[in-house]
$ cat query_36.pdb   # PDB, C-alpha atoms
MODEL        1
ATOM      1  CA  MET A  23       0.000   0.000   0.000
ATOM      2  CA  GLY A  24       1.595   3.268  -1.086
ATOM      3  CA  ARG A  25       3.170   5.162  -3.951
ATOM      4  CA  ILE A  26       2.749   4.526  -7.646
ATOM      5  CA  GLY A  27       3.827   6.620 -10.609
ATOM      6  CA  VAL A  28       5.979   6.838 -13.685
ATOM      7  CA  ASP A  29       9.773   6.936 -13.423
ATOM      8  CA  ILE A  30      11.536   8.831 -16.193
ATOM      9  CA  TYR A  31      15.170   7.702 -16.212
ATOM     10  CA  PRO A  32      17.991   9.162 -18.323
ATOM     11  CA  LEU A  33      19.441   6.740 -20.814
ATOM     12  CA  GLN A  34      22.815   8.433 -20.319
ATOM     13  CA  THR A  35      24.637   8.132 -17.003
ATOM     14  CA  GLY A  36      26.858  10.754 -15.448
ATOM     15  CA  VAL A  37      25.124  13.542 -17.392
ATOM     16  CA  PRO A  38      23.274  16.438 -15.686
ATOM     17  CA  LEU A  39      19.546  16.241 -16.248
ATOM     18  CA  ALA A  40      19.564  19.538 -18.134
ATOM     19  CA  ARG A  41      21.738  17.945 -20.828
ATOM     20  CA  VAL A  42      20.131  14.510 -21.076
ATOM     21  CA  GLU A  43      18.664  13.925 -24.536
ATOM     22  CA  SER A  44      16.865  10.578 -24.189
ATOM     23  CA  PHE A  45      14.850   8.956 -21.433
ATOM     24  CA  GLY A  46      13.131   5.689 -20.621
ATOM     25  CA  LYS A  47       9.684   5.373 -19.067
ATOM     26  CA  PHE A  48       9.187   2.825 -16.269
ATOM     27  CA  LEU A  49       6.622   1.880 -13.651
ATOM     28  CA  GLY A  50       7.679   3.368 -10.316
ATOM     29  CA  GLY A  51       6.794   4.137  -6.731
ATOM     30  CA  SER A  52       8.400   2.409  -3.769
ATOM     31  CA  ALA A  53       5.482   0.227  -2.637
ATOM     32  CA  THR A  54       4.718  -0.636  -6.251
ATOM     33  CA  ASN A  55       8.303  -1.703  -6.895
ATOM     34  CA  VAL A  56       8.232  -3.904  -3.787
ATOM     35  CA  ALA A  57       5.113  -5.648  -5.133
ATOM     36  CA  VAL A  58       6.831  -6.156  -8.493
ATOM     37  CA  ALA A  59       9.922  -7.539  -6.772
ATOM     38  CA  ALA A  60       7.838 -10.009  -4.758
ATOM     39  CA  ALA A  61       5.981 -11.104  -7.901
ATOM     40  CA  ARG A  62       9.276 -11.692  -9.720
ATOM     41  CA  LEU A  63      10.221 -14.047  -6.879
ATOM     42  CA  GLY A  64       7.051 -16.058  -7.438
ATOM     43  CA  ARG A  65       4.762 -14.495  -4.860
ATOM     44  CA  SER A  66       1.164 -13.406  -5.352
ATOM     45  CA  ALA A  67       1.239  -9.614  -5.005
ATOM     46  CA  ALA A  68      -1.113  -6.663  -5.273
ATOM     47  CA  VAL A  69      -0.752  -2.939  -4.639
ATOM     48  CA  VAL A  70      -3.329  -0.707  -2.963
ATOM     49  CA  THR A  71      -2.922   2.774  -4.412
ATOM     50  CA  ARG A  72      -4.500   5.497  -6.542
ATOM     51  CA  THR A  73      -3.569   7.035  -9.891
ATOM     52  CA  GLY A  74      -4.865   9.997 -11.806
ATOM     53  CA  LEU A  75      -7.562   9.560 -14.448
ATOM     54  CA  ASP A  76      -5.057  10.034 -17.236
ATOM     55  CA  PRO A  77      -2.940   8.049 -19.721
ATOM     56  CA  PHE A  78      -0.117   7.610 -17.204
ATOM     57  CA  GLY A  79      -2.610   6.044 -14.795
ATOM     58  CA  ASP A  80      -3.657   3.639 -17.543
ATOM     59  CA  TYR A  81       0.003   2.863 -18.180
ATOM     60  CA  CYS A  82       0.587   2.065 -14.487
ATOM     61  CA  ARG A  83      -2.261  -0.440 -14.377
ATOM     62  CA  GLU A  84      -1.164  -2.054 -17.637
ATOM     63  CA  ALA A  85       2.410  -2.303 -16.367
ATOM     64  CA  LEU A  86       1.268  -3.873 -13.087
ATOM     65  CA  ALA A  87      -0.619  -6.537 -15.040
ATOM     66  CA  ASP A  88       2.425  -7.155 -17.249
ATOM     67  CA  PHE A  89       4.513  -7.754 -14.116
ATOM     68  CA  GLY A  90       1.929 -10.162 -12.708
ATOM     69  CA  VAL A  91       0.819  -7.792  -9.943
ATOM     70  CA  ASP A  92      -2.898  -7.595  -9.169
ATOM     71  CA  ALA A  93      -4.069  -4.098 -10.143
ATOM     72  CA  ARG A  94      -7.674  -4.277  -8.934
ATOM     73  CA  TRP A  95      -6.949  -1.912  -6.006
ATOM     74  CA  ALA A  96      -4.924   0.575  -8.108
ATOM     75  CA  THR A  97      -7.846   2.778  -9.042
ATOM     76  CA  GLY A  98      -8.109   6.244 -10.542
ATOM     77  CA  VAL A  99      -9.315   9.358  -8.754
ATOM     78  CA  PRO A 100     -10.445  12.635 -10.366
ATOM     79  CA  GLY A 101      -8.273  15.692  -9.988
ATOM     80  CA  PRO A 102      -4.543  15.215  -9.404
ATOM     81  CA  PRO A 103      -2.422  13.721 -12.201
ATOM     82  CA  THR A 104      -0.469  10.491 -11.925
ATOM     83  CA  PRO A 105       2.959  11.414 -10.496
ATOM     84  CA  VAL A 106       6.106  11.523 -12.586
ATOM     85  CA  THR A 107       9.593  11.226 -11.094
ATOM     86  CA  PHE A 108      12.849  12.183 -12.800
ATOM     87  CA  CYS A 109      16.281  11.175 -11.572
ATOM     88  CA  GLU A 110      19.886  11.949 -12.365
ATOM     89  CA  ILE A 111      22.370   9.095 -12.456
ATOM     90  CA  PHE A 112      25.883   9.705 -11.179
ATOM     91  CA  PRO A 113      27.350   6.361 -10.066
ATOM     92  CA  PRO A 114      28.379   5.131  -7.609
ATOM     93  CA  ASP A 115      26.338   6.994  -5.009
ATOM     94  CA  HIS A 116      24.629  10.147  -6.278
ATOM     95  CA  PHE A 117      21.085   9.721  -7.607
ATOM     96  CA  PRO A 118      19.019  12.858  -6.935
ATOM     97  CA  LEU A 119      15.267  12.510  -7.444
ATOM     98  CA  TYR A 120      12.798  15.132  -8.640
ATOM     99  CA  PHE A 121       9.219  14.286  -7.677
ATOM    100  CA  TYR A 122       6.363  15.856  -9.629
ATOM    101  CA  ARG A 123       3.474  15.164  -7.243
ATOM    102  CA  TYR A 124       1.547  18.408  -7.570
ATOM    103  CA  PRO A 125      -0.820  19.694  -6.383
ATOM    104  CA  LYS A 126      -1.125  16.389  -4.536
ATOM    105  CA  ALA A 127      -0.375  12.812  -5.486
ATOM    106  CA  PRO A 128      -3.388  10.530  -6.058
ATOM    107  CA  ASP A 129      -1.809   7.850  -3.831
ATOM    108  CA  LEU A 130      -2.332  10.248  -0.907
ATOM    109  CA  GLU A 131      -6.074  10.221  -1.679
ATOM    110  CA  LEU A 132      -6.534   6.720  -0.258
ATOM    111  CA  ARG A 133      -9.562   6.782   2.046
ATOM    112  CA  ALA A 134     -10.308   4.348   4.843
ATOM    113  CA  ASP A 135     -13.940   3.788   3.836
ATOM    114  CA  GLU A 136     -12.846   2.815   0.308
ATOM    115  CA  LEU A 137     -10.313   0.165   1.339
ATOM    116  CA  ASP A 138     -10.969  -3.557   1.015
ATOM    117  CA  MET A 139     -10.221  -4.266   4.668
ATOM    118  CA  ASP A 140     -10.947  -7.982   4.276
ATOM    119  CA  ALA A 141      -8.214  -8.281   1.655
ATOM    120  CA  ILE A 142      -5.793  -6.176   3.701
ATOM    121  CA  ALA A 143      -6.467  -8.134   6.889
ATOM    122  CA  GLY A 144      -6.258 -11.463   5.055
ATOM    123  CA  ALA A 145      -2.988 -10.878   3.206
ATOM    124  CA  ARG A 146      -0.129 -12.952   4.572
ATOM    125  CA  VAL A 147       2.159  -9.906   4.327
ATOM    126  CA  PHE A 148       0.996  -6.295   4.323
ATOM    127  CA  TRP A 149       3.557  -3.633   3.355
ATOM    128  CA  MET A 150       2.979   0.061   4.062
ATOM    129  CA  THR A 151       5.238   3.104   3.965
ATOM    130  CA  GLY A 152       6.099   6.262   5.840
ATOM    131  CA  THR A 153       5.045   8.342   2.853
ATOM    132  CA  GLY A 154       1.487   7.116   3.339
ATOM    133  CA  LEU A 155       1.479   8.885   6.714
ATOM    134  CA  CYS A 156       2.554  12.300   5.414
ATOM    135  CA  ALA A 157      -0.917  13.678   4.545
ATOM    136  CA  GLU A 158      -4.628  13.080   4.896
ATOM    137  CA  PRO A 159      -6.692  11.146   4.011
ATOM    138  CA  SER A 160      -3.910   8.622   3.374
ATOM    139  CA  ARG A 161      -2.637   8.851   6.960
ATOM    140  CA  THR A 162      -5.970   7.847   8.482
ATOM    141  CA  ALA A 163      -6.463   5.155   5.822
ATOM    142  CA  THR A 164      -3.022   3.668   6.472
ATOM    143  CA  LEU A 165      -3.503   3.575  10.234
ATOM    144  CA  ALA A 166      -6.986   2.086   9.779
ATOM    145  CA  ALA A 167      -5.533  -0.656   7.564
ATOM    146  CA  LEU A 168      -2.912  -1.422  10.203
ATOM    147  CA  ALA A 169      -5.560  -1.552  12.919
ATOM    148  CA  ALA A 170      -7.683  -3.921  10.818
ATOM    149  CA  ARG A 171      -4.763  -6.300  10.388
ATOM    150  CA  HIS A 172      -3.894  -6.107  14.058
ATOM    151  CA  ALA A 173      -7.477  -6.936  15.032
ATOM    152  CA  ALA A 174      -7.547  -9.862  12.596
ATOM    153  CA  GLY A 175      -4.330 -11.403  13.901
ATOM    154  CA  GLY A 176      -1.795  -9.825  11.561
ATOM    155  CA  GLY A 177      -1.093 -12.666   9.111
ATOM    156  CA  THR A 178       2.561 -13.632   8.662
ATOM    157  CA  ALA A 179       3.922 -10.087   8.872
ATOM    158  CA  THR A 180       2.927  -6.430   8.786
ATOM    159  CA  VAL A 181       5.885  -4.487   7.420
ATOM    160  CA  PHE A 182       6.461  -0.779   7.978
ATOM    161  CA  ASP A 183       8.865   0.582   5.357
ATOM    162  CA  LEU A 184      10.036   3.741   7.134
ATOM    163  CA  ASP A 185      10.547   5.423   3.735
ATOM    164  CA  TRP A 186      11.474   8.913   4.965
ATOM    165  CA  ARG A 187      11.049  11.514   2.203
ATOM    166  CA  PRO A 188      11.419  14.947   3.824
ATOM    167  CA  MET A 189      10.049  16.778   0.761
ATOM    168  CA  PHE A 190       6.646  15.176   1.375
ATOM    169  CA  TRP A 191       6.345  16.491   4.948
ATOM    170  CA  PRO A 192       5.674  20.059   6.139
ATOM    171  CA  ASP A 193       9.076  21.769   6.368
ATOM    172  CA  GLY A 194      10.745  18.343   6.118
ATOM    173  CA  ASP A 195      10.531  18.098   9.912
ATOM    174  CA  PRO A 196      11.259  14.644  11.420
ATOM    175  CA  GLY A 197       9.632  15.802  14.634
ATOM    176  CA  ALA A 198       6.312  16.244  12.808
ATOM    177  CA  ALA A 199       6.538  12.718  11.403
ATOM    178  CA  ARG A 200       7.657  10.845  14.525
ATOM    179  CA  PRO A 201       4.263  10.657  16.341
ATOM    180  CA  HIS A 202       2.654   9.171  13.227
ATOM    181  CA  TYR A 203       5.540   6.735  12.829
ATOM    182  CA  ARG A 204       5.063   5.656  16.446
ATOM    183  CA  ALA A 205       1.347   5.060  15.835
ATOM    184  CA  ALA A 206       2.166   2.833  12.863
ATOM    185  CA  LEU A 207       4.945   0.958  14.674
ATOM    186  CA  ALA A 208       2.472  -0.050  17.382
ATOM    187  CA  HIS A 209       0.648  -2.206  14.800
ATOM    188  CA  ALA A 210       3.614  -3.383  12.700
ATOM    189  CA  THR A 211       5.565  -6.591  13.243
ATOM    190  CA  VAL A 212       8.541  -5.677  11.024
ATOM    191  CA  ALA A 213      10.241  -2.302  10.531
ATOM    192  CA  VAL A 214      12.776  -1.741   7.756
ATOM    193  CA  GLY A 215      14.735   1.358   6.824
ATOM    194  CA  ASN A 216      18.164   2.837   6.294
ATOM    195  CA  LEU A 217      19.990   4.418   9.203
ATOM    196  CA  THR A 218      18.647   7.911   8.486
ATOM    197  CA  GLU A 219      15.070   6.625   8.339
ATOM    198  CA  CYS A 220      15.500   4.662  11.554
ATOM    199  CA  ARG A 221      16.837   7.770  13.277
ATOM    200  CA  VAL A 222      13.830   9.755  12.092
ATOM    201  CA  ALA A 223      11.445   7.098  13.375
ATOM    202  CA  THR A 224      13.069   6.616  16.771
ATOM    203  CA  GLY A 225      15.336   9.541  17.634
ATOM    204  CA  ALA A 226      18.128   7.025  18.301
ATOM    205  CA  HIS A 227      21.558   7.246  16.663
ATOM    206  CA  THR A 228      23.600   4.067  16.255
ATOM    207  CA  PRO A 229      22.284   1.088  14.264
ATOM    208  CA  ARG A 230      21.904  -1.047  17.391
ATOM    209  CA  GLU A 231      20.206   1.769  19.332
ATOM    210  CA  CYS A 232      17.797   2.263  16.425
ATOM    211  CA  ALA A 233      17.021  -1.448  16.277
ATOM    212  CA  ASP A 234      16.405  -1.592  20.026
ATOM    213  CA  ALA A 235      14.141   1.466  19.846
ATOM    214  CA  LEU A 236      12.116  -0.070  17.003
ATOM    215  CA  LEU A 237      11.698  -3.281  18.997
ATOM    216  CA  ALA A 238      10.618  -1.269  22.022
ATOM    217  CA  ALA A 239       8.057   0.540  19.837
ATOM    218  CA  GLY A 240       6.289  -2.751  19.156
ATOM    219  CA  VAL A 241       7.811  -4.619  16.202
ATOM    220  CA  GLU A 242       9.196  -8.149  16.350
ATOM    221  CA  LEU A 243      11.926  -7.653  13.748
ATOM    222  CA  ALA A 244      13.944  -4.492  13.118
ATOM    223  CA  VAL A 245      15.992  -4.277   9.916
ATOM    224  CA  VAL A 246      18.501  -1.422   9.733
ATOM    225  CA  LYS A 247      20.167  -1.007   6.334
ATOM    226  CA  GLN A 248      23.641   0.560   6.458
ATOM    227  CA  GLY A 249      24.753   0.674   2.821
ATOM    228  CA  PRO A 250      28.410  -0.384   2.538
ATOM    229  CA  ASP A 251      28.342  -1.527   6.174
ATOM    230  CA  GLY A 252      25.699  -4.158   5.496
ATOM    231  CA  VAL A 253      22.480  -4.779   7.406
ATOM    232  CA  LEU A 254      21.626  -5.242  11.068
ATOM    233  CA  ALA A 255      18.594  -7.427  11.793
ATOM    234  CA  ALA A 256      17.461  -7.652  15.411
ATOM    235  CA  HIS A 257      14.599  -9.868  16.601
ATOM    236  CA  ARG A 258      12.594  -9.495  19.768
ATOM    237  CA  ASP A 259      13.767 -12.961  20.847
ATOM    238  CA  GLY A 260      17.279 -11.555  21.246
ATOM    239  CA  THR A 261      18.676 -12.806  17.941
ATOM    240  CA  VAL A 262      20.901 -10.254  16.204
ATOM    241  CA  ALA A 263      22.374 -10.757  12.731
ATOM    242  CA  HIS A 264      24.997  -8.571  11.050
ATOM    243  CA  VAL A 265      24.975  -9.319   7.324
ATOM    244  CA  PRO A 266      27.717  -7.874   5.067
ATOM    245  CA  PRO A 267      26.852  -6.271   1.715
ATOM    246  CA  HIS A 268      27.423  -7.785  -1.709
ATOM    247  CA  PRO A 269      30.051  -5.801  -3.642
ATOM    248  CA  VAL A 270      28.585  -4.501  -6.895
ATOM    249  CA  GLU A 271      29.445  -2.021  -9.620
ATOM    250  CA  VAL A 272      26.630   0.464  -9.128
ATOM    251  CA  VAL A 273      24.698   1.697 -12.167
ATOM    252  CA  ASN A 274      21.633   3.120 -10.389
ATOM    253  CA  GLY A 275      21.119   2.628  -6.661
ATOM    254  CA  LEU A 276      17.500   3.792  -6.550
ATOM    255  CA  GLY A 277      15.773   0.425  -6.920
ATOM    256  CA  ALA A 278      18.008  -1.590  -4.615
ATOM    257  CA  GLY A 279      15.943  -0.887  -1.500
ATOM    258  CA  ASP A 280      12.715  -1.951  -3.206
ATOM    259  CA  ALA A 281      14.327  -5.179  -4.431
ATOM    260  CA  PHE A 282      15.491  -5.718  -0.855
ATOM    261  CA  GLY A 283      11.894  -5.187   0.281
ATOM    262  CA  GLY A 284      10.361  -7.677  -2.134
ATOM    263  CA  ALA A 285      12.978 -10.257  -1.183
ATOM    264  CA  LEU A 286      12.389  -9.537   2.506
ATOM    265  CA  CYS A 287       8.700 -10.366   1.965
ATOM    266  CA  HIS A 288       9.742 -13.549   0.146
ATOM    267  CA  GLY A 289      11.914 -14.643   3.071
ATOM    268  CA  LEU A 290       9.233 -13.833   5.623
ATOM    269  CA  LEU A 291       6.701 -15.912   3.681
ATOM    270  CA  ALA A 292       9.186 -18.764   3.393
ATOM    271  CA  GLY A 293       9.687 -18.771   7.160
ATOM    272  CA  TRP A 294      13.430 -18.216   6.966
ATOM    273  CA  ASP A 295      15.393 -16.924   9.941
ATOM    274  CA  PRO A 296      16.356 -13.223   9.892
ATOM    275  CA  ALA A 297      19.971 -13.818   8.833
ATOM    276  CA  ARG A 298      19.017 -15.922   5.805
ATOM    277  CA  THR A 299      16.219 -13.539   4.881
ATOM    278  CA  VAL A 300      18.448 -10.462   4.996
ATOM    279  CA  ARG A 301      21.275 -12.199   3.160
ATOM    280  CA  TYR A 302      18.860 -13.040   0.352
ATOM    281  CA  ALA A 303      17.421  -9.514   0.350
ATOM    282  CA  ASN A 304      20.930  -8.038   0.184
ATOM    283  CA  ALA A 305      21.679 -10.115  -2.898
ATOM    284  CA  ALA A 306      18.463  -8.999  -4.606
ATOM    285  CA  GLY A 307      19.296  -5.361  -3.860
ATOM    286  CA  ALA A 308      22.837  -5.735  -5.208
ATOM    287  CA  ILE A 309      21.558  -7.120  -8.498
ATOM    288  CA  VAL A 310      19.236  -4.154  -9.031
ATOM    289  CA  ALA A 311      21.920  -1.629  -8.056
ATOM    290  CA  GLY A 312      23.877  -2.898 -11.033
ATOM    291  CA  ARG A 313      21.024  -2.168 -13.444
ATOM    292  CA  LEU A 314      19.499   1.028 -14.825
ATOM    293  CA  ALA A 315      15.819   0.865 -13.902
ATOM    294  CA  CYS A 316      13.816  -0.218 -10.853
ATOM    295  CA  SER A 317      10.675  -2.196 -11.699
ATOM    296  CA  THR A 318      12.026  -3.879 -14.843
ATOM    297  CA  ALA A 319      15.314  -4.627 -13.056
ATOM    298  CA  MET A 320      13.823  -6.752 -10.263
ATOM    299  CA  PRO A 321      15.552 -10.149 -10.178
ATOM    300  CA  TYR A 322      14.180 -13.648 -10.613
ATOM    301  CA  PRO A 323      14.924 -16.342  -8.001
ATOM    302  CA  GLU A 324      17.600 -18.028 -10.082
ATOM    303  CA  GLU A 325      19.525 -14.756 -10.360
ATOM    304  CA  VAL A 326      19.513 -14.207  -6.609
ATOM    305  CA  GLU A 327      20.473 -17.810  -5.926
ATOM    306  CA  ALA A 328      23.328 -17.636  -8.441
ATOM    307  CA  LEU A 329      24.755 -14.537  -6.776
ATOM    308  CA  LEU A 330      24.485 -16.147  -3.339
ATOM    309  CA  ALA A 331      26.119 -19.341  -4.597
ATOM    310  CA  GLY A 332      28.995 -17.342  -6.092
ATOM    311  CA  ALA A 333      29.482 -15.424  -2.849
ATOM    312  CA  SER A 334      29.492 -18.682  -0.890
ATOM    313  CA  ARG A 335      32.214 -20.127  -3.139
ATOM    314  CA  GLU A 336      34.321 -16.990  -2.698
ATOM    315  CA  GLU A 337      33.990 -17.228   1.080
ATOM    316  CA  GLN A 338      35.174 -20.864   0.986
ATOM    317  CA  VAL A 339      38.230 -19.933  -1.086
TER     318      VAL A 339
ENDMDL
END
$ encode --input "query_36.pdb" --output "structure tokens"
Amino acid sequence: MGRIGVDIYPLQTGVPLARVESFGKFLGGSATNVAVAAARLGRSAAVVTRTGLDPFGDYCREALADFGVDARWATGVPGPPTPVTFCEIFPPDHFPLYFYRYPKAPDLELRADELDMDAIAGARVFWMTGTGLCAEPSRTATLAALAARHAAGGGTATVFDLDWRPMFWPDGDPGAARPHYRAALAHATVAVGNLTECRVATGAHTPRECADALLAAGVELAVVKQGPDGVLAAHRDGTVAHVPPHPVEVVNGLGAGDAFGGALCHGLLAGWDPARTVRYANAAGAIVAGRLACSTAMPYPEEVEALLAGASREEQV
């Protein structure tokens, strides 16, 4: 449940956006990309979102269907246009984004009384994002969906992707977001985010302090992504896993986190332990970081398994 839109990516890398001459059009939006990633790994996935009543909205639904993602809950709303996002690509670590979500993105027009709460409560994994909390009516709808899952028993996992985007919040103030993050964490069983996002959500500083604060806020599993320092996964049962990253020649780092998310869902559904789940998710993210796009770049199981097998052989040598 969350963002959808159209990503417009330069087909030249290392070139300022003002001088790019050709672009590619791709399905985008963090929650949408996570659904695509899960579908690529063989899972049944759907996205709950809204588009504009425009050709780009039609494109998004067609693209979801092409990826094998159920689009029945990706409906159009009158008024705001389907969002478009441009990026610049300067490997290895500079990928500025320019969001065109004006005057307001349709995915923030999700309303609680329009949600299929039976489907949300019955899903084995429900994934929601911090962006969904940044404005009404999406904030109330997101919290209502979480409450419905909590009341129904929560399925296998309820995942809160911390997804901090300061440009979507008034004055970009983490303090304004934190109470809403706390409300969502009370109903989530898994929290995942990079170190900056975890700091925004908790006010803590180090990776371990952030993980402990997320566990104290109510989740069972806290996943703190640290880029080149790997991933920390801490479970309420006291298990802590530190998983190193997979070295990769970065082409575009923007989709790696969404690939990680889809693979995280895959591992949770498979019942793997946190270390195995995060190791698999790391490999999926590394594959996408070495590719240009996000949605179309999501890996298939055999690609992830091949990378993991190669890494295992290197470790043995």
$ axis_aligned_box --input "query_36.pdb" --around "range 25-40 of chain A" --padding-each-side "5 Å" --output "lines of an AutoDock Vina configuration file"
center_x = 14.8
center_y = 12.0
center_z = -12.4
size_x = 34.1
size_y = 25.0
size_z = 26.9
$ resolve_selection --input "query_36.pdb" --expression "the PyMOL selection byres ((chain A and resi 144) around 12)" --output "PyMOL selection string"
chain A and resi 138-143+145-148+167-168+170-180
$ residues_around --input "query_36.pdb" --residues "range 191-206 of chain A" --least-positions-apart "2" --cutoff "8 Å" --atoms "all atoms listed in the file" --output "PyMOL selection string"
chain A and resi 152+155-157+165+168+182+184+187-189+208-210+222-224+239
$ resolve_selection --input "query_36.pdb" --expression "the PyMOL selection byres ((chain A and resi 274) around 8)" --output "list in words"
Ile111, Phe112, Pro113, Pro114, Phe117, Val272, Val273, Gly275, Leu276, Gly277, Val310, Ala311, Gly312, Arg313, Leu314 and Ala315 of chain A
$ resolve_selection --input "query_36.pdb" --expression "the PyMOL selection byres ((chain A and resi 246-260) around 7)" --output "list in words"
Val214, Gly215, Asn216, Leu217, Pro229, Ala233, Leu237, Glu242, Leu243, Ala244, Val245, Thr261, Val262, Ala263, His264, Val265, Pro266, Pro267 and Pro296 of chain A
$ residues_around --input "query_36.pdb" --residues "range 58-67 of chain A" --least-positions-apart "6" --cutoff "6 Å" --atoms "only C-alpha atoms" --output "list in words"
Val91, Ala281, Gly284, Met320, Tyr322 and Pro323 of chain A
$ closest_residue --input "query_36.pdb" --among "A:Gly307, A:Pro128, A:Gly283, A:Gly98" --to "Val181 in chain A" --atoms "only C-alpha atoms"
A:Gly283
$ atom_distance --input "query_36.pdb" --atom1 "CA of Glu325 in chain A" --atom2 "CA of Ala57 in chain A"
17.8 Å
$ closest_residue --input "query_36.pdb" --among "A:Thr104, A:Ala235, A:Glu110, A:Gly90" --to "Pro32 in chain A" --atoms "all atoms listed in the file"
A:Glu110
